[in-house]
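Trainee: work27.cif is reproduced below (mmCIF, C-alpha atoms).
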data_entry
loop_
_atom_site.label_atom_id
_atom_site.label_comp_id
_atom_site.auth_asym_id
_atom_site.auth_seq_id
_atom_site.Cartn_x
_atom_site.Cartn_y
_atom_site.Cartn_z
CA SER A 1 145.55 114.50 35.57
CA GLN A 2 146.24 110.81 36.25
CA SER A 3 149.98 111.47 36.30
CA MET A 4 151.74 112.34 39.53
CA ALA A 5 154.70 113.91 37.74
CA ALA A 6 155.37 117.55 38.57
CA THR A 7 154.75 120.06 35.79
CA ALA A 8 156.75 123.26 35.47
CA ILE A 9 154.63 126.36 34.95
CA ASP A 10 155.54 129.86 33.90
CA PHE A 11 153.69 131.67 36.66
CA ASP A 12 154.51 133.46 39.86
CA HIS A 13 152.45 134.38 42.98
CA LEU A 14 149.84 131.78 42.03
CA ARG A 15 146.61 131.59 44.07
CA GLY A 16 144.17 128.88 42.96
CA PHE A 17 140.58 127.89 43.75
CA VAL A 18 137.80 125.65 42.41
CA ARG A 19 134.34 126.74 41.31
CA GLY A 20 131.98 124.13 39.90
CA ASP A 21 133.96 121.98 37.45
CA ALA A 22 136.59 124.66 36.81
CA THR A 23 140.01 125.16 38.33
CA LEU A 24 140.88 128.86 38.37
CA PHE A 25 143.88 130.81 39.54
CA VAL A 26 145.20 134.35 39.79
CA ALA A 27 148.86 134.74 38.85
CA SER A 28 151.41 136.72 36.92
CA HIS A 29 153.99 135.33 34.51
CA ASN A 30 157.61 134.93 35.55
CA ALA A 31 158.67 138.23 34.04
CA SER A 32 159.40 141.56 35.64
CA SER A 33 156.88 143.34 33.42
CA SER A 34 154.08 140.80 33.93
CA LYS A 35 150.98 141.72 35.93
CA PRO A 36 148.32 139.44 37.44
CA ALA A 37 145.35 138.07 35.52
CA LEU A 38 142.66 135.44 36.10
CA TYR A 39 143.34 132.10 34.39
CA ALA A 40 141.63 128.74 33.94
CA TYR A 41 143.51 125.45 34.14
CA SER A 42 142.54 122.40 32.09
CA GLU A 43 144.16 119.39 30.47
CA LEU A 44 144.06 118.24 26.87
CA ALA A 45 145.27 114.67 26.33
CA GLY A 46 147.00 114.92 29.68
CA VAL A 47 148.83 118.11 28.77
CA PRO A 48 148.23 121.13 31.05
CA GLN A 49 146.48 124.08 29.37
CA TYR A 50 146.23 127.63 30.69
CA SER A 51 143.82 130.20 29.30
CA ALA A 52 143.44 133.82 30.38
CA LEU A 53 139.91 134.80 31.44
CA THR A 54 140.75 138.49 32.00
CA ALA A 55 143.28 140.96 30.72
CA GLU A 56 146.28 141.63 32.91
CA SER A 57 145.58 144.03 35.74
CA ASN A 58 147.13 147.48 35.77
CA ALA A 59 147.33 147.56 39.55
CA SER A 60 145.92 144.55 41.41
CA LEU A 61 143.65 141.55 40.93
CA TYR A 62 142.22 139.20 43.51
CA ALA A 63 139.28 136.79 43.77
CA TYR A 64 137.17 135.25 46.53
CA PRO A 65 134.35 132.67 46.61
CA LEU A 66 130.70 133.59 46.99
CA ASP A 67 129.67 130.82 49.36
CA ARG A 68 126.57 130.31 51.43
CA HIS A 69 126.22 131.78 54.89
CA ASP A 70 126.32 128.20 56.27
CA GLY A 71 129.60 127.42 54.49
CA ALA A 72 128.13 125.41 51.61
CA ARG A 73 129.69 126.18 48.23
CA THR A 74 128.11 127.82 45.21
CA ASP A 75 129.54 128.00 41.68
CA TRP A 76 129.88 131.79 41.96
CA PHE A 77 132.85 133.94 42.91
CA ALA A 78 133.88 137.59 42.82
CA TYR A 79 137.02 138.96 41.27
CA VAL A 80 138.30 142.50 41.63
CA ASN A 81 140.42 143.79 38.75
CA ASP A 82 141.79 147.32 39.12
CA ASN A 83 139.12 148.07 41.75
CA MET A 84 136.29 146.84 39.48
CA CYS A 85 134.34 144.02 41.15
CA VAL A 86 132.54 141.37 39.06
CA LEU A 87 130.43 138.38 40.12
CA ALA A 88 130.73 135.42 37.76
CA ARG A 89 130.50 131.65 37.52
CA PRO A 90 132.55 129.39 35.24
CA GLU A 91 131.07 127.09 32.61
CA VAL A 92 133.22 124.28 31.26
CA ALA A 93 132.69 123.07 27.69
CA SER A 94 135.21 120.38 26.72
CA SER A 95 138.53 121.98 27.70
CA THR A 96 137.24 125.57 27.42
CA VAL A 97 136.21 127.65 30.42
CA ASN A 98 133.92 130.67 29.99
CA LEU A 99 132.77 133.13 32.63
CA LEU A 100 129.01 133.68 32.78
CA GLY A 101 126.91 136.13 34.76
CA ASN A 102 129.48 138.93 34.94
CA VAL A 103 127.43 141.10 37.29
CA PRO A 104 129.11 144.30 38.57
CA CYS A 105 129.47 144.10 42.35
CA LEU A 106 130.58 147.65 43.22
CA ALA A 107 133.02 147.34 46.14
CA GLY A 108 132.19 143.79 47.16
CA ALA A 109 129.52 141.14 47.71
CA GLY A 110 128.50 138.50 50.23
CA ILE A 111 125.69 136.06 50.97
CA GLU A 112 123.76 137.06 54.09
CA GLY A 113 120.85 134.66 54.27
CA VAL A 114 118.24 132.64 52.42
CA THR A 115 114.61 133.39 51.63
CA ARG A 116 111.80 131.10 52.73
CA ASP A 117 111.67 129.69 49.18
CA ASN A 118 115.40 128.83 49.39
CA LYS A 119 116.98 131.60 47.31
CA LEU A 120 120.27 133.00 48.60
CA VAL A 121 120.30 136.70 49.51
CA VAL A 122 123.36 138.50 48.10
CA ARG A 123 124.24 141.98 49.31
CA ILE A 124 126.37 144.20 47.04
CA VAL A 125 127.86 147.37 48.53
CA ASP A 126 129.99 150.32 47.48
CA ASN A 127 132.24 152.50 49.60
CA VAL A 128 129.78 155.40 49.88
CA SER A 129 126.06 154.71 50.23
CA VAL A 130 124.57 152.64 47.39
CA GLU A 131 123.55 149.07 48.16
CA GLU A 132 122.00 146.44 45.93
CA LEU A 133 120.27 143.18 46.77
CA TYR A 134 120.24 140.10 44.53
CA LEU A 135 118.67 136.66 44.84
CA LEU A 136 120.85 133.72 43.79
CA ASP A 137 118.97 130.64 42.61
CA GLY A 138 121.40 128.12 41.14
CA ASP A 139 122.73 129.65 37.91
CA ALA A 140 120.45 132.71 38.08
CA LEU A 141 121.44 135.92 39.88
CA THR A 142 118.56 138.43 39.87
CA LYS A 143 118.60 141.99 41.16
CA VAL A 144 115.65 142.66 43.49
CA ALA A 145 116.39 146.00 45.17
CA SER A 146 118.61 149.08 45.13
CA SER A 147 118.91 151.52 48.03
CA SER A 148 120.59 154.84 48.78
CA THR A 149 121.08 153.65 52.37
CA GLN A 150 121.87 150.33 53.99
CA ILE A 151 119.31 147.65 53.14
CA ARG A 152 118.14 146.12 56.40
CA LEU A 153 117.21 142.45 56.24
CA MET A 154 114.37 141.11 58.38
CA TYR A 155 115.21 137.63 59.65
CA ALA A 156 112.57 135.13 60.73
CA THR A 157 114.02 134.96 64.25
CA ARG A 158 116.92 136.57 66.11
CA ASP A 159 119.17 133.53 65.55
CA SER A 160 117.93 132.66 62.06
CA ARG A 161 119.45 133.43 58.65
CA VAL A 162 116.05 133.00 56.96
CA VAL A 163 115.07 136.35 55.41
CA ILE A 164 111.38 137.26 55.25
CA GLY A 165 111.88 140.70 53.65
CA TRP A 166 113.94 143.88 53.58
CA VAL A 167 113.68 147.62 54.20
CA GLY A 168 115.54 150.41 52.40
CA ARG A 169 115.30 153.81 50.68
CA ASP A 170 115.06 154.27 46.93
CA ALA A 171 116.76 156.83 44.65
CA THR A 172 113.89 159.29 45.18
CA ASN A 173 114.37 159.10 48.98
CA ASN A 174 111.19 157.11 49.58
CA ASN A 175 111.27 154.15 51.96
CA PHE A 176 110.32 150.67 50.87
CA VAL A 177 109.61 147.32 52.47
CA CYS A 178 109.52 144.24 50.22
CA LEU A 179 108.57 140.59 50.64
CA GLY A 180 111.42 138.07 50.35
CA THR A 181 109.50 135.35 48.54
CA HIS A 182 107.96 137.88 46.09
CA PRO A 183 110.40 140.82 45.88
CA GLU A 184 108.17 142.56 43.32
CA ARG A 185 105.60 143.06 46.10
CA CYS A 186 106.63 146.23 47.94
CA TRP A 187 105.00 148.88 50.14
CA THR A 188 105.89 152.46 51.17
CA PRO A 189 106.30 152.71 54.95
CA PRO A 190 106.95 155.86 57.00
CA LEU A 191 110.45 156.85 58.06
CA ALA A 192 110.25 155.35 61.53
CA THR A 193 111.52 152.60 63.78
CA TYR A 194 109.94 149.24 63.08
CA THR A 195 109.59 145.67 64.25
CA TRP A 196 108.20 142.54 62.64
CA ALA A 197 106.43 139.36 63.64
CA ALA A 198 107.81 135.86 63.21
CA PRO A 199 106.48 134.36 59.97
CA VAL A 200 103.51 132.04 60.06
CA ALA A 201 104.51 128.38 59.70
CA GLY A 202 103.38 126.89 56.40
CA GLN A 203 102.73 130.35 54.90
CA PRO A 204 105.96 131.36 53.09
CA ASP A 205 104.42 134.59 51.78
CA SER A 206 103.45 135.90 55.21
CA MET A 207 105.02 139.13 56.48
CA HIS A 208 103.82 141.59 59.12
CA VAL A 209 105.83 144.73 59.87
CA VAL A 210 104.81 147.49 62.33
CA PHE A 211 106.30 151.00 62.06
CA LEU A 212 106.30 153.28 65.10
CA GLU A 213 106.34 156.98 64.20
CA GLN A 214 106.76 159.61 66.92
CA GLN A 215 104.25 162.46 66.52
CA SER A 216 103.15 165.33 68.69
CA GLY A 217 100.92 163.92 71.39
CA GLY A 218 101.73 160.25 70.80
CA VAL A 219 102.96 157.51 68.51
CA LYS A 220 101.47 156.58 65.14
CA PHE A 221 101.33 152.85 64.34
CA THR A 222 101.53 151.76 60.70
CA SER A 223 100.91 148.07 60.12
CA ILE A 224 101.95 146.49 56.80
CA ARG A 225 100.96 142.92 55.95
CA ALA A 226 101.90 140.97 52.82
CA ILE A 227 98.40 141.14 51.39
CA GLY A 228 97.83 141.93 47.71
CA PRO A 229 100.38 142.95 45.06
CA GLY A 230 101.91 145.84 47.02
CA THR A 231 101.47 149.59 46.73
CA ARG A 232 104.69 150.76 45.00
CA PRO A 233 107.06 149.65 42.22
CA GLN A 234 109.97 147.38 43.02
CA PRO A 235 112.99 149.60 43.89
CA LEU A 236 115.42 148.60 41.16
#
Let me see the file written as structure tokens.
Mentor:
Amino acid sequence: SQSMAATAIDFDHLRGFVRGDATLFVASHNASSSKPALYAYSELAGVPQYSALTAESNASLYAYPLDRHDGARTDWFAYVNDNMCVLARPEVASSTVNLLGNVPCLAGAGIEGVTRDNKLVVRIVDNVSVEELYLLDGDALTKVASSSTQIRLMYATRDSRVVIGWVGRDATNNNFVCLGTHPERCWTPPLATYTWAAPVAGQPDSMHVVFLEQQSGGVKFTSIRAIGPGTRPQPL
């Protein structure tokens, strides 16, 4: 608004934030029976407008931004309504705000790195064992892996947040290792300790992982390079 005059609002416990071109806030109305909901703020001919984006919560509702690991903002955020987590981004059309994406995020989500082709790596976790991995590329959030154990990210160097690939275990208890720049290219490694080489400069699709498997009489080496389309389906 161009006006500096204060505007009275009928909300209590208001917590606001900005995503993209939208101003959002979580609040409850000034009534003893009111419960929190997620709202969008806009103005029409200078008059404040408030529209509910979710139903009122039965227990609790809170929201937090999904920002880059380096602190840069994205248009995405997570909100948790009655223990149900959703990833969304607002789209503003005239004075109307709509939530797009609406991806379930189990018990929470966070950005943990970036692939070599500049897609953000989003980890989604629950409170038991399931983990999911998504790639965020602007307005697109794409699921690339699901694991029954923690998904371990392989960073280009010890101090880097550049992700070259990831290792996990699928729903049938088989291990997988997948390439960050082409997550549909996956291989089945042994259940063993592993290490990986720094990626080759100028070759974004390079990946070399060595698995060390203890066996009677010695150690078995299994070397996996990002050559060809992979040997197993993508673990979705």
Trainee: Quick check, in Å to one decimal: how far apart do CA of Pro183 (chain A) and CA of Val114 (chain A) lie?
Mentor: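 Atom-to-atom, CA of Pro183 (chain A) to CA of Val114 (chain A), that is 13.1 Å.
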Trainee: Just the residues within 8 Å of Gln234 (chain A), please, counting all atoms listed in the file, with nothing from its chain fewer than 4 positions along; format it as a ChimeraX atom specification.
Mentor: /A:144-145,178,183-186
Trainee: Could you check the closest approach to Ala93 (chain A) for each of A:Asp205, A:Gly165, A:Asp21, A:His13 and tell me which residue wins, using all atoms listed in the file?
Mentor: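 Looking only at the distances to Ala93 (chain A), the closest residue turns out to be A:Asp21.
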Trainee: If I take CA of Ala88 (chain A) and CA of Leu61 (chain A), how far is one from the other in Å, to one decimal?
Mentor: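 A separation of 14.6 Å between them.
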Trainee: Within 10 Å of (143.1, 129.6, 30.8), only C-alpha atoms: residues as a list of chain:residue names?
Mentor: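 The answer, in the requested form, is A:Thr23, A:Leu24, A:Phe25, A:Ala37, A:Leu38, A:Tyr39, A:Ala40, A:Tyr41, A:Ser42, A:Pro48, A:Gln49, A:Tyr50, A:Ser51, A:Ala52, A:Leu53, A:Thr54, A:Ser95, A:Thr96, A:Val97, A:Asn98.
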Trainee: Could you check how far CA of Val130 (chain A) sits from CA of Leu66 (chain A), in Å to one decimal?
Mentor: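 About the pair CA of Val130 (chain A) and CA of Leu66 (chain A): they are 20.0 Å apart.
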Trainee: Any chance you could resolve the PyMOL selection byres ((chain A and resi 169) around 9) against this file and give the residues as a PyMOL selection string?
Mentor: chain A and resi 146-151+167-168+170-177+235
Trainee: Region 153-156 of chain A: which residues within 7 Å, counting all atoms listed in the file, same-chain residues fewer than 3 positions away excluded, as a list in words?
Mentor: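 Here the qualifying residues turn out to be Ser160, Arg161, Val162, Val163, Ile164, Gly165, Trp166, Val167, Ala198 and Pro199 of chain A.
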